[in-house]
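Reproduced below: query-v9.cif, with mmCIF, N, CA and C atoms.
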data_protein
#
loop_
_atom_site.label_atom_id
_atom_site.label_comp_id
_atom_site.auth_asym_id
_atom_site.auth_seq_id
_atom_site.Cartn_x
_atom_site.Cartn_y
_atom_site.Cartn_z
N MET L 1 123.15 109.39 60.58
CA MET L 1 122.72 109.51 61.95
C MET L 1 123.84 109.08 62.89
N ARG L 2 123.95 109.79 63.96
CA ARG L 2 125.01 109.53 64.92
C ARG L 2 124.44 108.82 66.14
N ARG L 3 125.13 107.82 66.61
CA ARG L 3 124.68 107.09 67.81
C ARG L 3 125.21 107.80 69.04
N VAL L 4 124.35 107.91 70.00
CA VAL L 4 124.73 108.55 71.26
C VAL L 4 124.83 107.45 72.32
N ALA L 5 125.97 107.40 72.94
CA ALA L 5 126.17 106.41 74.01
C ALA L 5 125.46 106.91 75.26
N ARG L 6 124.69 106.03 75.87
CA ARG L 6 123.98 106.40 77.10
C ARG L 6 124.68 105.76 78.28
N LYS L 7 124.83 106.55 79.29
CA LYS L 7 125.46 106.07 80.51
C LYS L 7 124.35 105.65 81.49
N VAL L 8 124.42 104.47 82.00
CA VAL L 8 123.41 103.96 82.93
C VAL L 8 123.88 104.26 84.34
N LEU L 9 123.06 105.01 85.04
CA LEU L 9 123.38 105.32 86.43
C LEU L 9 122.69 104.30 87.34
N ARG L 10 123.42 103.78 88.24
CA ARG L 10 122.85 102.80 89.17
C ARG L 10 122.38 103.52 90.44
N VAL L 11 121.19 103.15 90.86
CA VAL L 11 120.63 103.72 92.08
C VAL L 11 121.11 102.88 93.25
N PRO L 12 121.70 103.53 94.27
CA PRO L 12 122.19 102.74 95.41
C PRO L 12 121.02 102.10 96.17
N ARG L 13 121.24 100.91 96.65
CA ARG L 13 120.21 100.23 97.43
C ARG L 13 120.11 100.86 98.82
N PRO L 14 118.91 100.84 99.39
CA PRO L 14 118.77 101.43 100.74
C PRO L 14 119.58 100.63 101.75
N THR L 15 120.16 101.36 102.70
CA THR L 15 120.97 100.71 103.73
C THR L 15 120.12 100.24 104.92
N LYS L 16 118.98 100.88 105.12
CA LYS L 16 118.09 100.50 106.22
C LYS L 16 116.86 99.80 105.66
N GLN L 17 116.28 98.97 106.49
CA GLN L 17 115.04 98.31 106.11
C GLN L 17 113.89 99.32 106.27
N ALA L 18 112.94 99.29 105.36
CA ALA L 18 111.80 100.21 105.42
C ALA L 18 110.94 99.89 106.64
N PRO L 19 110.40 100.93 107.30
CA PRO L 19 109.53 100.67 108.44
C PRO L 19 108.22 100.04 107.98
N PRO L 20 107.55 99.32 108.88
CA PRO L 20 106.27 98.72 108.48
C PRO L 20 105.22 99.80 108.24
N PRO L 21 104.26 99.56 107.37
CA PRO L 21 103.23 100.57 107.10
C PRO L 21 102.35 100.79 108.32
N LEU L 22 101.88 102.02 108.46
CA LEU L 22 100.99 102.35 109.57
C LEU L 22 99.60 101.79 109.31
N GLN L 23 98.96 101.34 110.36
CA GLN L 23 97.58 100.89 110.26
C GLN L 23 96.69 102.08 110.60
N VAL L 24 96.03 102.63 109.60
CA VAL L 24 95.21 103.82 109.77
C VAL L 24 93.78 103.51 109.34
N ASP L 25 92.84 103.99 110.12
CA ASP L 25 91.43 103.85 109.74
C ASP L 25 91.13 104.96 108.73
N THR L 26 91.26 104.64 107.45
CA THR L 26 91.13 105.66 106.41
C THR L 26 89.71 106.23 106.34
N ALA L 27 88.72 105.44 106.69
CA ALA L 27 87.35 105.95 106.66
C ALA L 27 87.19 107.09 107.66
N ARG L 28 87.77 106.95 108.83
CA ARG L 28 87.69 108.03 109.83
C ARG L 28 88.41 109.28 109.36
N VAL L 29 89.54 109.09 108.71
CA VAL L 29 90.30 110.23 108.20
C VAL L 29 89.48 110.97 107.14
N VAL L 30 88.86 110.22 106.23
CA VAL L 30 88.05 110.84 105.18
C VAL L 30 86.83 111.52 105.79
N LEU L 31 86.19 110.88 106.75
CA LEU L 31 85.02 111.48 107.39
C LEU L 31 85.38 112.75 108.16
N ALA L 32 86.55 112.76 108.80
CA ALA L 32 87.00 113.97 109.48
C ALA L 32 87.25 115.09 108.47
N GLY L 33 87.83 114.73 107.34
CA GLY L 33 88.04 115.73 106.29
C GLY L 33 86.73 116.29 105.76
N ILE L 34 85.75 115.42 105.56
CA ILE L 34 84.44 115.88 105.11
C ILE L 34 83.83 116.83 106.13
N ALA L 35 83.96 116.50 107.41
CA ALA L 35 83.42 117.37 108.47
C ALA L 35 84.09 118.74 108.44
N LEU L 36 85.41 118.77 108.27
CA LEU L 36 86.12 120.05 108.24
C LEU L 36 85.74 120.87 107.00
N TRP L 37 85.63 120.22 105.85
CA TRP L 37 85.23 120.95 104.64
C TRP L 37 83.79 121.45 104.77
N THR L 38 82.93 120.68 105.44
CA THR L 38 81.54 121.11 105.63
C THR L 38 81.48 122.33 106.55
N ILE L 39 82.28 122.34 107.60
CA ILE L 39 82.34 123.50 108.49
C ILE L 39 82.83 124.73 107.72
N ALA L 40 83.86 124.53 106.90
CA ALA L 40 84.37 125.65 106.09
C ALA L 40 83.30 126.15 105.13
N LEU L 41 82.53 125.24 104.53
CA LEU L 41 81.47 125.63 103.62
C LEU L 41 80.40 126.45 104.34
N VAL L 42 80.01 126.03 105.53
CA VAL L 42 79.00 126.76 106.30
C VAL L 42 79.51 128.16 106.64
N VAL L 43 80.76 128.26 107.05
CA VAL L 43 81.33 129.58 107.37
C VAL L 43 81.32 130.46 106.14
N LEU L 44 81.72 129.92 104.99
CA LEU L 44 81.73 130.71 103.76
C LEU L 44 80.33 131.14 103.34
N LEU L 45 79.36 130.26 103.53
CA LEU L 45 77.99 130.62 103.18
C LEU L 45 77.46 131.70 104.11
N LEU L 46 77.87 131.67 105.38
CA LEU L 46 77.46 132.72 106.32
C LEU L 46 78.10 134.07 105.98
N LEU L 47 79.32 134.02 105.45
CA LEU L 47 79.99 135.27 105.08
C LEU L 47 79.40 135.89 103.82
N GLY L 48 78.75 135.08 103.01
CA GLY L 48 78.04 135.60 101.84
C GLY L 48 78.96 136.17 100.78
N ASP L 49 78.65 137.38 100.35
CA ASP L 49 79.38 138.01 99.24
C ASP L 49 80.72 138.60 99.66
N ARG L 50 81.09 138.49 100.91
CA ARG L 50 82.38 139.04 101.36
C ARG L 50 83.56 138.17 100.96
N VAL L 51 83.29 136.95 100.46
CA VAL L 51 84.37 136.06 100.04
C VAL L 51 84.15 135.67 98.58
N ASP L 52 85.23 135.30 97.92
CA ASP L 52 85.17 134.87 96.53
C ASP L 52 84.43 133.53 96.44
N ARG L 53 83.60 133.36 95.45
CA ARG L 53 82.83 132.12 95.27
C ARG L 53 83.74 130.93 94.97
N LEU L 54 84.95 131.20 94.54
CA LEU L 54 85.90 130.11 94.28
C LEU L 54 86.09 129.25 95.52
N TRP L 55 86.15 129.88 96.69
CA TRP L 55 86.35 129.12 97.93
C TRP L 55 85.14 128.26 98.26
N THR L 56 83.95 128.78 97.96
CA THR L 56 82.74 127.99 98.20
C THR L 56 82.74 126.74 97.32
N TRP L 57 83.07 126.91 96.03
CA TRP L 57 83.10 125.77 95.13
C TRP L 57 84.24 124.82 95.46
N THR L 58 85.30 125.34 96.04
CA THR L 58 86.40 124.46 96.49
C THR L 58 85.90 123.53 97.59
N CYS L 59 85.14 124.07 98.53
CA CYS L 59 84.58 123.24 99.61
C CYS L 59 83.61 122.20 99.06
N VAL L 60 82.75 122.62 98.14
CA VAL L 60 81.79 121.69 97.56
C VAL L 60 82.51 120.57 96.82
N ALA L 61 83.52 120.93 96.03
CA ALA L 61 84.28 119.92 95.28
C ALA L 61 84.98 118.95 96.23
N ALA L 62 85.55 119.45 97.31
CA ALA L 62 86.23 118.58 98.27
C ALA L 62 85.27 117.59 98.91
N ILE L 63 84.08 118.06 99.26
CA ILE L 63 83.09 117.18 99.88
C ILE L 63 82.64 116.10 98.88
N VAL L 64 82.37 116.51 97.64
CA VAL L 64 81.91 115.56 96.63
C VAL L 64 83.00 114.52 96.33
N LEU L 65 84.24 114.98 96.18
CA LEU L 65 85.33 114.05 95.91
C LEU L 65 85.56 113.08 97.07
N ALA L 66 85.41 113.56 98.30
CA ALA L 66 85.58 112.68 99.45
C ALA L 66 84.47 111.63 99.50
N LEU L 67 83.25 112.03 99.15
CA LEU L 67 82.15 111.06 99.11
C LEU L 67 82.38 110.02 98.01
N ILE L 68 82.88 110.46 96.86
CA ILE L 68 83.23 109.51 95.81
C ILE L 68 84.33 108.57 96.30
N GLY L 69 85.30 109.12 97.03
CA GLY L 69 86.37 108.30 97.59
C GLY L 69 85.85 107.25 98.56
N LEU L 70 84.88 107.62 99.38
CA LEU L 70 84.28 106.64 100.29
C LEU L 70 83.57 105.53 99.50
N GLY L 71 82.91 105.91 98.41
CA GLY L 71 82.26 104.90 97.57
C GLY L 71 83.27 103.95 96.95
N VAL L 72 84.38 104.49 96.50
CA VAL L 72 85.44 103.65 95.93
C VAL L 72 86.02 102.73 97.00
N MET L 73 86.21 103.26 98.20
CA MET L 73 86.74 102.44 99.30
C MET L 73 85.79 101.29 99.61
N ARG L 74 84.49 101.56 99.55
CA ARG L 74 83.50 100.50 99.81
C ARG L 74 83.56 99.44 98.71
N LEU L 75 83.67 99.89 97.45
CA LEU L 75 83.74 98.93 96.34
C LEU L 75 85.00 98.07 96.43
N GLN L 76 86.10 98.64 96.91
CA GLN L 76 87.36 97.89 97.01
C GLN L 76 87.41 97.01 98.24
N GLY L 77 86.40 97.11 99.10
CA GLY L 77 86.36 96.28 100.29
C GLY L 77 87.16 96.83 101.46
N GLN L 78 87.53 98.10 101.40
CA GLN L 78 88.28 98.70 102.50
C GLN L 78 87.38 99.12 103.64
N LEU L 79 86.09 99.26 103.36
CA LEU L 79 85.13 99.63 104.41
C LEU L 79 84.30 98.40 104.76
N PRO L 80 84.00 98.21 106.03
CA PRO L 80 83.15 97.07 106.38
C PRO L 80 81.74 97.29 105.88
N ARG L 81 81.13 96.22 105.45
CA ARG L 81 79.75 96.28 104.97
C ARG L 81 78.81 96.35 106.17
N ARG L 82 77.77 97.14 106.03
CA ARG L 82 76.76 97.20 107.09
C ARG L 82 75.89 95.94 107.02
N PRO L 83 75.63 95.31 108.16
CA PRO L 83 74.79 94.11 108.10
C PRO L 83 73.35 94.49 107.74
N GLY L 84 72.74 93.67 106.90
CA GLY L 84 71.36 93.89 106.52
C GLY L 84 70.41 93.41 107.59
N PRO L 85 69.12 93.60 107.42
CA PRO L 85 68.16 93.19 108.45
C PRO L 85 68.14 91.69 108.66
N THR L 86 68.42 90.90 107.62
CA THR L 86 68.40 89.46 107.79
C THR L 86 69.68 88.96 108.46
N GLU L 87 70.79 89.67 108.25
CA GLU L 87 72.05 89.24 108.84
C GLU L 87 72.09 89.48 110.34
N GLU L 88 71.38 90.51 110.81
CA GLU L 88 71.36 90.82 112.24
C GLU L 88 70.60 89.75 113.02
N ALA L 89 69.59 89.17 112.40
CA ALA L 89 68.74 88.20 113.10
C ALA L 89 69.38 86.82 113.19
N LEU L 90 70.36 86.55 112.35
CA LEU L 90 71.00 85.24 112.36
C LEU L 90 71.96 85.10 113.54
N PRO L 91 71.90 83.97 114.28
CA PRO L 91 72.85 83.78 115.38
C PRO L 91 74.24 83.44 114.80
N ARG L 92 75.26 83.82 115.54
CA ARG L 92 76.64 83.55 115.09
C ARG L 92 77.31 82.53 115.93
#

Rewrite the structure from the file as structure tokens, please.
Amino acid sequence: MRRVARKVLRVPRPTKQAPPPLQVDTARVVLAGIALWTIALVVLLLLGDRVDRLWTWTCVAAIVLALIGLGVMRLQGQLPRRPGPTEEALPR
């Protein structure tokens, strides 16, 4: 067996400092996306057989995946919890 020498390439370090991350309300972005996919689904359903069913299922899949994403965001604590009936009555 023959040994192959490997040359290690060094990646140059960035010369500028990275910008700070943007503060984005991801829940609003996801909800806006759900609204747009829902509008597209309604339009496709109104068009009926004039469009391929693949597009209809694409809209359905996008809506379902976005709802799953919202659930994951809630589990990770990225979404604020809704106050329950007992929490609203308590003074702060």

message: Please report the interatomic distance between atom CA of L:Ala32 and atom CA of L:Met73 in Å with one decimal.
response: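 The value is 15.4 Å.
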
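Taking only C-alpha atoms into account, L:Val42 lies nearest to L:Cys59 out of the set L:Ala27, L:Leu9, L:Cys59, L:Leu54.
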
So for stretch 62-78 of chain L, what box centre and size do we get, axis-aligned, 3 Å extra on each of the six sides, every listed atom, Å to one decimal, as JSON?
{"center_x": 85.1, "center_y": 107.9, "center_z": 99.7, "size_x": 12.4, "size_y": 29.2, "size_z": 13.8}

Pick from L:Leu79, L:Val8, L:Leu41, L:Ala35, whichever lies nearest to L:Val60 using all atoms listed in the file: L:Leu41

task: May I ask for the distance between atom C of L:Ala66 and atom C of L:Leu47, given in Å to one decimal place?
output: 25.2 Å

- request: May I have the protein, DNA and RNA residues with an atom at most 8 Å from (81.5, 130.9, 97.7), counting only C-alpha atoms in the file's coordinates, returned as JSON, numbers by chain?
  value: {"L": [41, 44, 45, 48, 49, 51, 52, 53, 54, 55, 56, 57]}

- request: Give the alpha helix (DSSP H) residues of chain L, as assigned by DSSP on the backbone, as a count of residues only.
  value: 50
